[in-house]
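Chemist: Got a structure for you, my_file.txt, holding compact mmCIF, C-alpha atoms.
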# COMPACT_ATOMS: atom_id res chain seq x y z
CA MET Q 1057 2.95 27.23 -7.01
CA ALA Q 1058 0.94 25.10 -9.42
CA VAL Q 1059 1.56 21.34 -9.35
CA GLU Q 1060 2.35 19.57 -12.60
CA VAL Q 1061 0.52 16.32 -13.36
CA VAL Q 1062 2.56 14.21 -15.76
CA MET Q 1063 1.93 11.14 -17.89
CA PRO Q 1064 3.22 8.26 -15.73
CA LYS Q 1065 5.53 5.53 -16.99
CA LEU Q 1066 3.51 2.33 -16.62
CA GLY Q 1067 6.40 0.03 -17.53
CA MET Q 1068 9.98 -0.02 -18.72
CA ALA Q 1069 8.87 -0.60 -22.32
CA MET Q 1070 6.28 2.20 -22.36
CA LYS Q 1071 6.98 4.80 -25.06
CA GLU Q 1072 3.66 6.63 -25.17
CA GLY Q 1073 0.52 7.05 -23.08
CA THR Q 1074 -2.89 8.27 -24.20
CA VAL Q 1075 -5.47 10.24 -22.24
CA SER Q 1076 -8.64 8.28 -22.89
CA LEU Q 1077 -10.94 10.46 -20.79
CA TRP Q 1078 -10.87 13.52 -18.54
CA SER Q 1079 -13.19 13.16 -15.55
CA LYS Q 1080 -12.50 16.76 -14.51
CA ALA Q 1081 -12.67 20.02 -16.47
CA VAL Q 1082 -10.74 23.29 -16.17
CA GLY Q 1083 -11.91 25.14 -13.09
CA ASP Q 1084 -13.14 22.03 -11.26
CA PRO Q 1085 -11.98 21.62 -7.66
CA VAL Q 1086 -10.18 18.36 -6.84
CA GLU Q 1087 -9.12 16.57 -3.69
CA LYS Q 1088 -5.76 14.90 -3.24
CA GLY Q 1089 -6.05 11.29 -4.44
CA GLU Q 1090 -9.21 11.96 -6.48
CA ALA Q 1091 -9.31 10.49 -10.00
CA ILE Q 1092 -8.98 13.25 -12.58
CA ALA Q 1093 -8.34 11.32 -15.82
CA SER Q 1094 -8.14 7.87 -17.36
CA ILE Q 1095 -5.05 6.92 -19.38
CA ASN Q 1096 -3.93 3.90 -21.34
CA SER Q 1097 -0.72 2.50 -22.78
CA GLU Q 1098 -0.32 -0.74 -24.68
CA LYS Q 1099 -3.01 -2.86 -23.02
CA ILE Q 1100 -3.06 -1.15 -19.63
CA GLU Q 1101 -5.73 1.35 -18.62
CA MET Q 1102 -5.72 3.15 -15.30
CA ASP Q 1103 -6.92 6.29 -13.53
CA ILE Q 1104 -4.61 9.20 -12.71
CA GLU Q 1105 -5.16 10.60 -9.23
CA SER Q 1106 -4.61 14.22 -8.26
CA PRO Q 1107 -1.27 14.67 -6.44
CA ALA Q 1108 -2.62 17.67 -4.52
CA GLU Q 1109 -5.75 19.51 -3.46
CA GLY Q 1110 -6.69 22.47 -5.61
CA THR Q 1111 -8.29 23.48 -8.90
CA ILE Q 1112 -7.67 22.25 -12.44
CA LEU Q 1113 -5.92 25.25 -13.99
CA ASN Q 1114 -5.43 23.89 -17.50
CA ILE Q 1115 -5.53 20.71 -19.58
CA ALA Q 1116 -2.47 20.37 -21.78
CA VAL Q 1117 -3.23 16.98 -23.37
CA GLN Q 1118 -6.65 16.37 -24.89
CA GLU Q 1119 -8.63 13.12 -24.93
CA GLY Q 1120 -7.29 10.67 -27.50
CA GLN Q 1121 -3.88 12.39 -27.64
CA GLY Q 1122 -0.76 10.30 -27.05
CA VAL Q 1123 2.36 11.73 -25.38
CA PRO Q 1124 5.64 10.30 -24.00
CA PRO Q 1125 5.93 9.49 -20.27
CA GLY Q 1126 6.84 12.54 -18.20
CA THR Q 1127 4.84 14.96 -20.37
CA VAL Q 1128 2.78 17.47 -18.37
CA ILE Q 1129 -0.90 16.77 -19.02
CA CYS Q 1130 -2.42 19.37 -16.67
CA HIS Q 1131 -1.73 21.76 -13.77
CA ILE Q 1132 -3.40 21.91 -10.37
CA GLY Q 1133 -3.20 24.94 -8.11
CA LYS Q 1134 -5.15 27.78 -6.52
CA PRO Q 1135 -8.03 29.41 -8.46
CA ASN Q 1136 -6.73 32.07 -10.92
CA GLU Q 1137 -3.13 31.06 -10.23
CA LYS Q 1138 -0.75 31.73 -13.09
CA ILE Q 1139 1.12 28.73 -14.49
CA MET Q 1140 4.89 29.12 -14.39
CA ILE Q 1141 6.95 27.47 -17.13
CA ASN Q 1142 10.72 27.90 -16.68
CA ASP Q 1143 9.96 30.69 -14.18
CA HIS Q 1144 7.94 32.62 -16.80
CA VAL Q 1145 4.34 32.68 -17.91
CA THR Q 1146 4.08 32.40 -21.69
CA GLU Q 1147 1.58 34.64 -23.47
CA GLU Q 1148 0.03 31.66 -25.24
CA THR Q 1149 -0.43 29.76 -21.98
CA GLN Q 1150 -1.86 32.80 -20.21
CA SER Q 1151 -4.35 33.45 -23.02
CA LYS Q 1152 -5.55 29.87 -22.76
CA ILE Q 1153 -5.90 30.21 -19.00
CA ASP Q 1154 -7.85 33.45 -19.34
CA GLU Q 1155 -10.16 31.85 -21.89
CA GLN Q 1156 -10.71 28.76 -19.72
CA GLU Q 1157 -11.37 30.88 -16.62
CA LYS Q 1158 -14.23 32.88 -18.19
CA PRO Q 1159 -17.54 32.33 -16.35
CA LYS Q 1160 -19.49 29.40 -17.70
CA THR Q 1161 -23.11 29.88 -18.65
CA LYS Q 1162 -23.99 26.32 -17.73
CA GLU Q 1163 -22.30 24.04 -15.29
CA SER Q 1164 -22.60 20.30 -14.97
CA PRO Q 1165 -24.42 19.19 -11.83
CA ILE Q 1166 -22.08 18.16 -9.01
CA LEU Q 1167 -23.25 14.89 -7.58
CA PRO Q 1168 -22.52 13.78 -4.02
CA MET Q 1169 -19.80 11.16 -3.67
CA GLY Q 1170 -18.54 9.41 -0.58
CA ASP Q 1171 -14.87 9.58 0.26
CA ARG Q 1172 -14.41 5.91 -0.61
CA LEU Q 1173 -16.83 5.62 -3.49
CA LEU Q 1174 -15.12 3.96 -6.48
CA ILE Q 1175 -16.33 4.83 -9.98
CA THR Q 1176 -14.72 4.83 -13.41
CA PRO Q 1177 -14.41 8.19 -15.21
CA VAL Q 1178 -16.74 7.05 -18.01
CA ALA Q 1179 -19.36 5.95 -15.49
CA ARG Q 1180 -19.09 9.27 -13.65
CA LYS Q 1181 -19.68 11.28 -16.83
CA MET Q 1182 -22.68 9.12 -17.77
CA ALA Q 1183 -24.16 9.52 -14.30
CA GLN Q 1184 -23.67 13.29 -14.34
CA ALA Q 1185 -25.23 13.63 -17.78
CA ALA Q 1186 -28.25 11.58 -16.64
CA ASN Q 1187 -28.41 13.47 -13.31
CA LEU Q 1188 -28.03 10.30 -11.26
CA ASP Q 1189 -26.97 10.08 -7.63
CA ILE Q 1190 -23.94 7.79 -7.85
CA GLU Q 1191 -24.13 6.97 -4.15
CA LYS Q 1192 -27.31 5.03 -4.90
CA ILE Q 1193 -25.77 2.96 -7.70
CA GLN Q 1194 -24.58 -0.56 -6.85
CA GLY Q 1195 -21.13 -1.20 -8.31
CA SER Q 1196 -20.25 -4.57 -9.85
CA GLY Q 1197 -16.54 -3.94 -10.45
CA PRO Q 1198 -13.57 -4.85 -8.25
CA GLY Q 1199 -14.06 -3.58 -4.70
CA GLY Q 1200 -17.58 -2.40 -5.55
CA ARG Q 1201 -16.33 -0.04 -8.29
CA ILE Q 1202 -19.15 1.46 -10.36
CA THR Q 1203 -18.73 0.75 -14.08
CA LYS Q 1204 -20.45 2.20 -17.12
CA GLU Q 1205 -22.58 -0.96 -17.35
CA ASP Q 1206 -23.90 -0.30 -13.83
CA VAL Q 1207 -24.88 3.25 -14.78
CA GLN Q 1208 -26.42 2.09 -18.06
CA LYS Q 1209 -28.62 -0.40 -16.20
CA VAL Q 1210 -29.95 2.37 -13.94
CA ILE Q 1211 -30.57 4.60 -16.95
CA GLU Q 1212 -32.50 1.86 -18.74
CA LYS Q 1213 -34.61 1.09 -15.66
CA ARG Q 1214 -35.56 4.74 -15.19
CA GLY Q 1215 -36.25 5.23 -18.85
CA ILE Q 1216 -33.71 8.04 -19.10
CA MET Q 1217 -32.55 8.87 -22.60
CA SER Q 1218 -28.87 8.26 -23.35
CA VAL Q 1219 -26.36 11.06 -22.92
CA ASN Q 1220 -26.11 11.85 -26.62
CA THR Q 1221 -29.81 11.72 -27.44
CA GLU Q 1222 -30.31 15.48 -27.18
CA GLU Q 1223 -27.53 16.05 -29.70
CA ARG Q 1224 -29.09 13.80 -32.32
CA LYS Q 1225 -31.48 15.17 -34.88
CA VAL Q 1226 -34.49 12.89 -35.24
CA ASN Q 1227 -35.95 12.55 -38.72
CA PRO Q 1228 -39.59 11.31 -38.61
CA GLN Q 1229 -39.15 9.60 -41.99
CA PRO Q 1230 -35.45 8.81 -42.37
CA THR Q 1231 -34.35 7.91 -45.87
CA LEU Q 1232 -30.93 6.77 -44.79
CA GLU Q 1233 -29.82 5.86 -41.29
CA SER Q 1234 -26.73 7.65 -40.01
CA PRO Q 1235 -24.69 5.22 -37.88
CA GLN Q 1236 -23.06 6.23 -34.64
CA GLN Q 1237 -19.31 6.44 -35.16
CA ILE Q 1238 -17.03 5.31 -32.34
CA PRO Q 1239 -13.36 6.36 -32.55
CA VAL Q 1240 -11.01 3.39 -32.32
CA THR Q 1241 -8.59 4.43 -29.60
CA GLY Q 1242 -6.66 3.01 -26.67
CA MET Q 1243 -6.76 -0.73 -26.13
CA ARG Q 1244 -9.20 -1.36 -28.99
CA ASN Q 1245 -6.88 0.39 -31.43
CA ILE Q 1246 -3.89 -1.66 -30.23
CA ILE Q 1247 -5.82 -4.92 -30.57
CA ALA Q 1248 -7.13 -3.97 -34.02
CA THR Q 1249 -3.63 -3.11 -35.25
CA ARG Q 1250 -2.00 -6.26 -33.89
CA MET Q 1251 -4.68 -8.64 -35.13
CA LYS Q 1252 -4.47 -7.19 -38.64
CA GLU Q 1253 -0.67 -7.36 -38.58
CA SER Q 1254 -0.83 -10.97 -37.35
CA LEU Q 1255 -2.99 -12.11 -40.26
CA GLN Q 1256 -0.99 -10.14 -42.82
CA SER Q 1257 2.47 -11.20 -41.63
CA SER Q 1258 2.03 -14.96 -41.15
CA ALA Q 1259 0.60 -18.05 -42.87
CA GLN Q 1260 -2.03 -19.19 -40.38
CA LEU Q 1261 -3.82 -22.52 -40.45
CA THR Q 1262 -6.12 -24.00 -37.79
CA LEU Q 1263 -6.47 -27.70 -36.92
CA THR Q 1264 -9.23 -29.00 -34.65
CA MET Q 1265 -9.38 -32.11 -32.48
CA LYS Q 1266 -11.80 -33.63 -29.95
CA VAL Q 1267 -10.32 -35.04 -26.77
CA ASP Q 1268 -12.04 -37.53 -24.45
CA VAL Q 1269 -11.51 -35.97 -21.02
CA THR Q 1270 -13.86 -38.22 -19.03
CA ASP Q 1271 -11.04 -39.48 -16.80
CA LEU Q 1272 -9.54 -35.99 -16.57
CA VAL Q 1273 -12.81 -34.53 -15.25
CA ILE Q 1274 -12.92 -37.20 -12.52
CA LEU Q 1275 -9.28 -36.55 -11.57
CA GLN Q 1276 -9.76 -32.78 -11.65
CA LYS Q 1277 -12.71 -32.94 -9.24
CA GLN Q 1278 -10.79 -35.17 -6.83
CA ALA Q 1279 -7.66 -33.00 -6.97
CA ALA Q 1280 -9.67 -29.79 -6.70
CA GLU Q 1281 -11.49 -30.95 -3.57
CA THR Q 1282 -8.26 -32.09 -1.90
CA LEU Q 1283 -6.32 -28.94 -2.72
CA GLN Q 1284 -9.20 -26.65 -1.79
CA LYS Q 1285 -9.37 -28.18 1.68
CA GLN Q 1286 -5.65 -27.59 2.17
CA GLU Q 1287 -5.05 -24.22 0.51
CA SER Q 1288 -8.44 -22.80 -0.60
CA THR Q 1289 -7.23 -23.12 -4.19
CA LYS Q 1290 -9.25 -24.89 -6.87
CA LEU Q 1291 -7.66 -26.68 -9.80
CA THR Q 1292 -9.54 -26.22 -13.09
CA ILE Q 1293 -9.60 -28.10 -16.37
CA THR Q 1294 -7.72 -25.17 -17.89
CA ASP Q 1295 -4.93 -25.69 -15.35
CA PHE Q 1296 -4.56 -29.30 -16.49
CA VAL Q 1297 -4.61 -28.24 -20.15
CA ALA Q 1298 -1.91 -25.62 -19.47
CA LYS Q 1299 0.33 -28.23 -17.84
CA ALA Q 1300 -0.31 -30.68 -20.69
CA VAL Q 1301 0.58 -27.94 -23.21
CA VAL Q 1302 3.89 -27.31 -21.46
CA LEU Q 1303 4.73 -31.04 -21.51
CA SER Q 1304 3.75 -31.28 -25.19
CA LEU Q 1305 5.89 -28.27 -26.11
CA LYS Q 1306 8.90 -29.98 -24.53
CA GLU Q 1307 8.33 -32.92 -26.91
CA HIS Q 1308 7.71 -30.63 -29.90
CA PRO Q 1309 10.20 -27.77 -29.46
CA LYS Q 1310 9.52 -26.31 -32.91
CA MET Q 1311 6.06 -25.30 -31.70
CA ASN Q 1312 7.77 -23.24 -29.00
CA SER Q 1313 9.35 -20.86 -31.47
CA ALA Q 1314 8.94 -17.60 -33.37
CA TYR Q 1315 9.38 -16.58 -37.01
CA ILE Q 1316 11.42 -13.37 -37.01
CA GLU Q 1317 13.15 -11.82 -40.04
CA ASP Q 1318 13.19 -15.01 -42.11
CA LYS Q 1319 14.63 -17.04 -39.23
CA ILE Q 1320 12.98 -19.60 -36.95
CA ASN Q 1321 13.91 -18.80 -33.36
CA LEU Q 1322 13.73 -21.86 -31.08
CA TYR Q 1323 13.35 -21.05 -27.39
CA GLU Q 1324 14.91 -23.07 -24.60
CA HIS Q 1325 12.34 -21.97 -22.03
CA ILE Q 1326 8.55 -21.98 -22.27
CA HIS Q 1327 6.86 -18.68 -21.51
CA LEU Q 1328 3.14 -19.45 -21.53
CA GLY Q 1329 0.68 -16.70 -22.47
CA LEU Q 1330 -2.90 -16.89 -21.18
CA ALA Q 1331 -5.48 -14.68 -22.88
CA VAL Q 1332 -7.68 -12.80 -20.38
CA ALA Q 1333 -10.87 -11.01 -21.45
CA LEU Q 1334 -11.40 -7.49 -20.07
CA GLU Q 1335 -14.24 -5.00 -20.31
CA LYS Q 1336 -12.56 -3.15 -23.19
CA GLY Q 1337 -10.62 -5.95 -24.86
CA LEU Q 1338 -8.11 -8.59 -23.87
CA VAL Q 1339 -4.59 -8.95 -22.54
CA VAL Q 1340 -2.15 -11.86 -22.50
CA PRO Q 1341 -0.32 -12.24 -19.16
CA VAL Q 1342 2.77 -14.47 -19.33
CA ILE Q 1343 3.89 -17.27 -17.00
CA ARG Q 1344 7.64 -17.32 -17.44
CA ASN Q 1345 9.65 -20.55 -17.37
CA ALA Q 1346 6.44 -22.56 -17.24
CA GLU Q 1347 8.40 -25.78 -17.79
CA SER Q 1348 9.72 -25.48 -14.23
CA CYS Q 1349 6.27 -25.00 -12.68
CA SER Q 1350 4.21 -27.72 -11.06
CA LEU Q 1351 0.50 -28.02 -11.80
CA LYS Q 1352 -0.34 -26.17 -8.59
CA GLN Q 1353 2.17 -23.41 -9.34
CA LEU Q 1354 0.75 -22.93 -12.85
CA SER Q 1355 -2.73 -22.71 -11.37
CA ASN Q 1356 -1.74 -20.15 -8.74
CA LYS Q 1357 0.26 -18.00 -11.15
CA SER Q 1358 -2.46 -17.97 -13.82
CA LYS Q 1359 -5.12 -16.92 -11.29
CA GLU Q 1360 -2.92 -14.19 -9.83
CA LEU Q 1361 -2.05 -12.78 -13.27
CA ALA Q 1362 -5.70 -12.85 -14.34
CA ARG Q 1363 -6.72 -11.01 -11.17
CA CYS Q 1364 -4.07 -8.32 -11.72
CA ALA Q 1365 -5.16 -7.95 -15.35
CA ARG Q 1366 -8.82 -7.44 -14.45
CA ASP Q 1367 -7.88 -4.95 -11.72
CA GLY Q 1368 -5.70 -2.98 -14.14
CA GLN Q 1369 -2.57 -3.69 -12.09
CA LEU Q 1370 -0.65 -5.83 -14.59
CA PRO Q 1371 2.76 -4.35 -15.55
CA ILE Q 1372 3.65 -4.23 -19.24
CA GLU Q 1373 6.61 -6.54 -18.54
CA ASP Q 1374 4.16 -9.30 -17.57
CA MET Q 1375 2.47 -9.06 -20.99
CA GLN Q 1376 5.60 -9.50 -23.11
CA GLY Q 1377 7.82 -12.36 -24.20
CA SER Q 1378 5.36 -15.24 -24.46
CA THR Q 1379 6.41 -18.16 -26.68
CA PHE Q 1380 3.02 -19.94 -26.89
CA THR Q 1381 -0.50 -18.78 -26.01
CA ILE Q 1382 -3.71 -20.38 -24.75
CA SER Q 1383 -7.14 -18.83 -25.37
CA ASN Q 1384 -10.26 -20.23 -23.67
CA LEU Q 1385 -13.80 -19.54 -24.96
CA GLY Q 1386 -15.36 -22.57 -23.30
CA ALA Q 1387 -17.29 -20.44 -20.81
CA TYR Q 1388 -19.23 -18.92 -23.74
CA GLY Q 1389 -20.38 -22.28 -25.13
CA VAL Q 1390 -18.02 -22.12 -28.11
CA GLU Q 1391 -16.65 -25.47 -29.30
CA HIS Q 1392 -14.14 -24.95 -32.14
CA PHE Q 1393 -12.86 -21.55 -33.28
CA THR Q 1394 -9.88 -20.03 -35.10
CA PRO Q 1395 -7.67 -18.18 -32.60
CA ILE Q 1396 -5.36 -15.62 -34.21
CA LEU Q 1397 -1.64 -15.99 -33.59
CA ASN Q 1398 0.01 -13.73 -31.06
CA THR Q 1399 2.83 -13.08 -33.53
CA PRO Q 1400 5.66 -13.75 -33.83
CA GLU Q 1401 4.71 -16.93 -31.93
CA THR Q 1402 4.29 -20.12 -33.93
CA GLY Q 1403 1.23 -21.50 -32.15
CA ILE Q 1404 -1.87 -20.67 -30.14
CA LEU Q 1405 -4.30 -23.18 -28.63
CA GLY Q 1406 -8.03 -22.52 -28.41
CA ILE Q 1407 -9.98 -24.35 -25.67
CA GLY Q 1408 -13.67 -24.96 -26.36
CA SER Q 1409 -16.66 -25.83 -24.21
CA ILE Q 1410 -16.77 -29.30 -22.64
CA TYR Q 1411 -19.84 -31.40 -23.50
CA ASP Q 1412 -21.13 -34.94 -22.95
CA THR Q 1413 -21.92 -37.32 -25.79
CA PRO Q 1414 -22.53 -41.08 -26.26
CA ARG Q 1415 -19.48 -42.90 -27.62
CA TYR Q 1416 -18.55 -46.53 -28.18
CA ILE Q 1417 -15.75 -47.78 -25.94
CA GLY Q 1418 -15.07 -51.21 -27.41
CA GLU Q 1419 -18.48 -52.83 -27.74
CA GLU Q 1420 -20.10 -50.71 -25.03
CA LEU Q 1421 -21.90 -47.42 -25.59
CA GLU Q 1422 -20.92 -45.02 -22.82
CA ARG Q 1423 -21.49 -41.42 -21.84
CA ARG Q 1424 -18.20 -39.60 -22.39
CA THR Q 1425 -17.01 -36.04 -21.82
CA ILE Q 1426 -15.43 -34.29 -24.81
CA LEU Q 1427 -13.15 -31.24 -24.92
CA PRO Q 1428 -12.81 -29.47 -28.31
CA LEU Q 1429 -9.38 -28.03 -29.11
CA SER Q 1430 -8.33 -25.66 -31.91
CA LEU Q 1431 -4.67 -25.16 -32.80
CA THR Q 1432 -3.63 -22.26 -35.02
CA PHE Q 1433 -0.02 -22.43 -36.22
CA ASP Q 1434 2.29 -20.60 -38.60
CA HIS Q 1435 2.68 -22.72 -41.73
CA ARG Q 1436 5.99 -20.99 -42.45
CA VAL Q 1437 7.45 -22.77 -39.41
CA LEU Q 1438 5.50 -26.05 -39.36
CA ASP Q 1439 3.65 -28.17 -41.85
CA GLY Q 1440 0.32 -29.79 -41.11
CA ALA Q 1441 1.72 -33.17 -40.05
CA PRO Q 1442 4.05 -31.97 -37.25
CA ALA Q 1443 1.34 -29.57 -36.02
CA ALA Q 1444 -1.13 -32.48 -35.90
CA ALA Q 1445 1.50 -34.53 -34.05
CA PHE Q 1446 1.66 -31.83 -31.38
CA LEU Q 1447 -2.12 -32.04 -30.99
CA GLN Q 1448 -1.93 -35.82 -30.72
CA THR Q 1449 0.66 -35.55 -27.94
CA LEU Q 1450 -1.54 -33.04 -26.12
CA LYS Q 1451 -4.50 -35.37 -26.54
CA ARG Q 1452 -2.51 -38.26 -25.07
CA TYR Q 1453 -1.66 -36.29 -21.94
CA LEU Q 1454 -5.27 -35.20 -21.44
CA GLU Q 1455 -6.75 -38.64 -22.03
CA GLU Q 1456 -4.21 -40.19 -19.66
CA PRO Q 1457 -4.32 -37.40 -17.04
CA ILE Q 1458 -2.21 -39.20 -14.47
CA THR Q 1459 0.80 -38.51 -16.73
CA VAL Q 1460 0.25 -34.77 -16.20
CA LEU Q 1461 0.90 -35.26 -12.48
CA LEU Q 1462 4.04 -37.37 -12.85
Could you quickly redo this structure as structure tokens?

Modeler:
Amino acid sequence: MAVEVVMPKLGMAMKEGTVSLWSKAVGDPVEKGEAIASINSEKIEMDIESPAEGTILNIAVQEGQGVPPGTVICHIGKPNEKIMINDHVTEETQSKIDEQEKPKTKESPILPMGDRLLITPVARKMAQAANLDIEKIQGSGPGGRITKEDVQKVIEKRGIMSVNTEERKVNPQPTLESPQQIPVTGMRNIIATRMKESLQSSAQLTLTMKVDVTDLVILQKQAAETLQKQESTKLTITDFVAKAVVLSLKEHPKMNSAYIEDKINLYEHIHLGLAVALEKGLVVPVIRNAESCSLKQLSNKSKELARCARDGQLPIEDMQGSTFTISNLGAYGVEHFTPILNTPETGILGIGSIYDTPRYIGEELERRTILPLSLTFDHRVLDGAPAAAFLQTLKRYLEEPITVLL
């Protein structure tokens, strides 16, 4: 009897999942545990593995289509097996099966793949279209997983034309360039919708400030070396900033709030969101009750959440309920920027790239280390002065870093 493959429930709050890509077609043989499709919901994307060995009999949900959890997306069984629905085969279903089982005039090349070879569905399709042996491609993803960037690099080195080149009509003397259109689906669509809603539903203003973190850098290096020897964990500047933010929020509780239905909701606990960049967008894992965490605990939790996010193993529950968010673009050389609120939160802090500059300390000109900060806040909740006061408190903690440890 054919096995039903259903849309999984990726979290308690999940209402709909979308098939972003099918890596198998009707009639393709599959092994148990082999990836057959890629799905996404909210900001989670993952592969669906075949629950049994057999053949793809039909595909009930097309790429880009969203369905509730538990919906059958395909069937796997023996070749030419009829699909039973409520102990009967519907005429419509059977006609689709017959059509899908007609001999194909052209089949995609089947490339060899080791039992443990990890590759994303998009990368597999690109490799098949370019007739590449995926066993010879070096993966750069988690656990050596081959990504589309890895395949693209091989294609560029070999001078192979892109997958869609044959479908494009080349005009020797084009009068007007026709752009490639990319459907906005999955994670990108969610991010686009939320960012637009954030700007349209709040009164956002960004304040910037430069913080002298010369002493903090010295303390961070000393603490990092000590902790790394003991626990193989390294404290970062971002860890210190996160702790300083938590302490500052305790002194400025109105910044730890949300504007919902014409009411300002003040939160007793601090649930700190940390923006994490992914290949296809970004997610915001949440450290709950951050006010009760030590510096080391904040560091460990942030690293663990970031790792889960990049590996696609972060539950939806761990991306909800933040009361304040931190976004860090320092690694890209950005100094000040305008982070967009993770509404309905009142504030979000942007961390820029640290740099050295000469600065007078009294009568002496010294080399000092500067950290740029950008605070975006909802002007419906706070005015400029109290928002600036929050930044000043944060600056005080960072310029007197020993207070972060007390």

Chemist: Ile1343 in chain Q: which residues within 7 Å, counting all atoms listed in the file, same-chain residues fewer than 3 positions away excluded, as a PyMOL selection string?

Modeler: chain Q and resi 1327-1329+1346+1357

Chemist: Please report the interatomic distance between CA of Ala1108 in chain Q and CA of Lys1088 in chain Q in Å with one decimal.

Modeler: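 Separating CA of Ala1108 in chain Q from CA of Lys1088 in chain Q is a distance of 4.4 Å.
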
Chemist: Quick one: pull the distance between CA of Thr1381 in chain Q and CA of Thr1402 in chain Q, Å, one decimal.

Modeler: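 Distance between the two atoms: 9.4 Å.
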
Chemist: Have a look at Q:Leu1427, Q:Ile1092, Q:Ile1326, Q:Met1251 and name the one nearest to Val1273 in chain Q; count all atoms listed in the file.

Modeler: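 Selected residue with least distance to Val1273 in chain Q: Q:Leu1427.
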
Chemist: What gap, in Å, lies between CA of Ile1211 in chain Q and CA of Leu1077 in chain Q?

Modeler: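 We find that CA of Ile1211 in chain Q and CA of Leu1077 in chain Q lie 20.8 Å from each other.
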
Chemist: Mind checking which residues fall within 9 Å of Asp1084 in chain Q, counting only C-alpha atoms, ignoring those fewer than 6 positions away in the same chain, and posting them as JSON, numbers by chain?

Modeler: {"Q": [1110, 1111, 1112, 1113]}

Chemist: Grab the residues selected above and save them as a PDB file, in the frame of the given file with C-alpha atoms.

Modeler:
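The resulting out-v4.pdb:
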ATOM      1  CA  GLY Q1110      -6.690  22.470  -5.610  1.00  0.00           C
ATOM      2  CA  THR Q1111      -8.290  23.480  -8.900  1.00  0.00           C
ATOM      3  CA  ILE Q1112      -7.670  22.250 -12.440  1.00  0.00           C
ATOM      4  CA  LEU Q1113      -5.920  25.250 -13.990  1.00  0.00           C
TER       5      LEU Q1113
END

Chemist: Looking at Q:Leu1255, Q:Val1339, Q:Leu1462, Q:Leu1305, which one is nearest to Pro1442 in chain Q, with distances taken over all atoms listed in the file?

Modeler: Q:Leu1305

Chemist: Choose the residue, out of Q:Lys1138, Q:Lys1071, Q:Lys1359, Q:Arg1452, that has the smallest atom-to-atom separation from Val1269 in chain Q; count all atoms listed in the file.

Modeler: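 Of the candidates, the smallest distance to Val1269 in chain Q is held by Q:Arg1452.
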
Chemist: Point out the residue among Q:Met1265, Q:Ala1186, Q:Ile1293, Q:Leu1322 with the least atom-to-atom distance to Val1437 in chain Q, counting only C-alpha atoms.

Modeler: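 Among the listed residues, the smallest separation from Val1437 in chain Q belongs to Q:Leu1322.
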
Chemist: Calculated over only C-alpha atoms, which of the candidates Q:Lys1290, Q:Gly1126, Q:Asn1245, Q:Thr1264 has the smallest distance to Phe1446 in chain Q?

Modeler: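 Smallest distance to Phe1446 in chain Q is found for Q:Thr1264.
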
Chemist: Using all atoms listed in the file, can you tell me which of Q:Tyr1315, Q:Arg1424, Q:Ala1444, Q:Leu1263 comes closest to His1392 in chain Q?

Modeler: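 Checking each of Q:Tyr1315, Q:Arg1424, Q:Ala1444, Q:Leu1263 against His1392 in chain Q, counting all atoms listed in the file, the winner is Q:Leu1263.
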
Chemist: Just the residues within 12 Å of Val1301 in chain Q, please, counting all atoms listed in the file, with nothing from its chain fewer than 4 positions along; format it as number ranges by chain.

Modeler: Q: 1294-1297, 1305-1309, 1311-1312, 1326-1330, 1346-1347, 1351, 1354, 1379-1382, 1403-1407, 1429, 1431, 1446-1454, 1460

Chemist: Excluding same-chain residues fewer than 2 positions from His1435 in chain Q, what lies within 7 Å of it counting all atoms listed in the file, as an mmCIF file with C-alpha atoms, in the frame of the given file?

Modeler:
data_model
loop_
_atom_site.group_PDB
_atom_site.id
_atom_site.type_symbol
_atom_site.label_atom_id
_atom_site.label_comp_id
_atom_site.auth_asym_id
_atom_site.auth_seq_id
_atom_site.Cartn_x
_atom_site.Cartn_y
_atom_site.Cartn_z
ATOM 1 C CA ALA Q 1259 0.600 -18.050 -42.870
ATOM 2 C CA GLN Q 1260 -2.030 -19.190 -40.380
ATOM 3 C CA LEU Q 1261 -3.820 -22.520 -40.450
ATOM 4 C CA PHE Q 1433 -0.020 -22.430 -36.220
ATOM 5 C CA VAL Q 1437 7.450 -22.770 -39.410
ATOM 6 C CA LEU Q 1438 5.500 -26.050 -39.360
ATOM 7 C CA ASP Q 1439 3.650 -28.170 -41.850
#
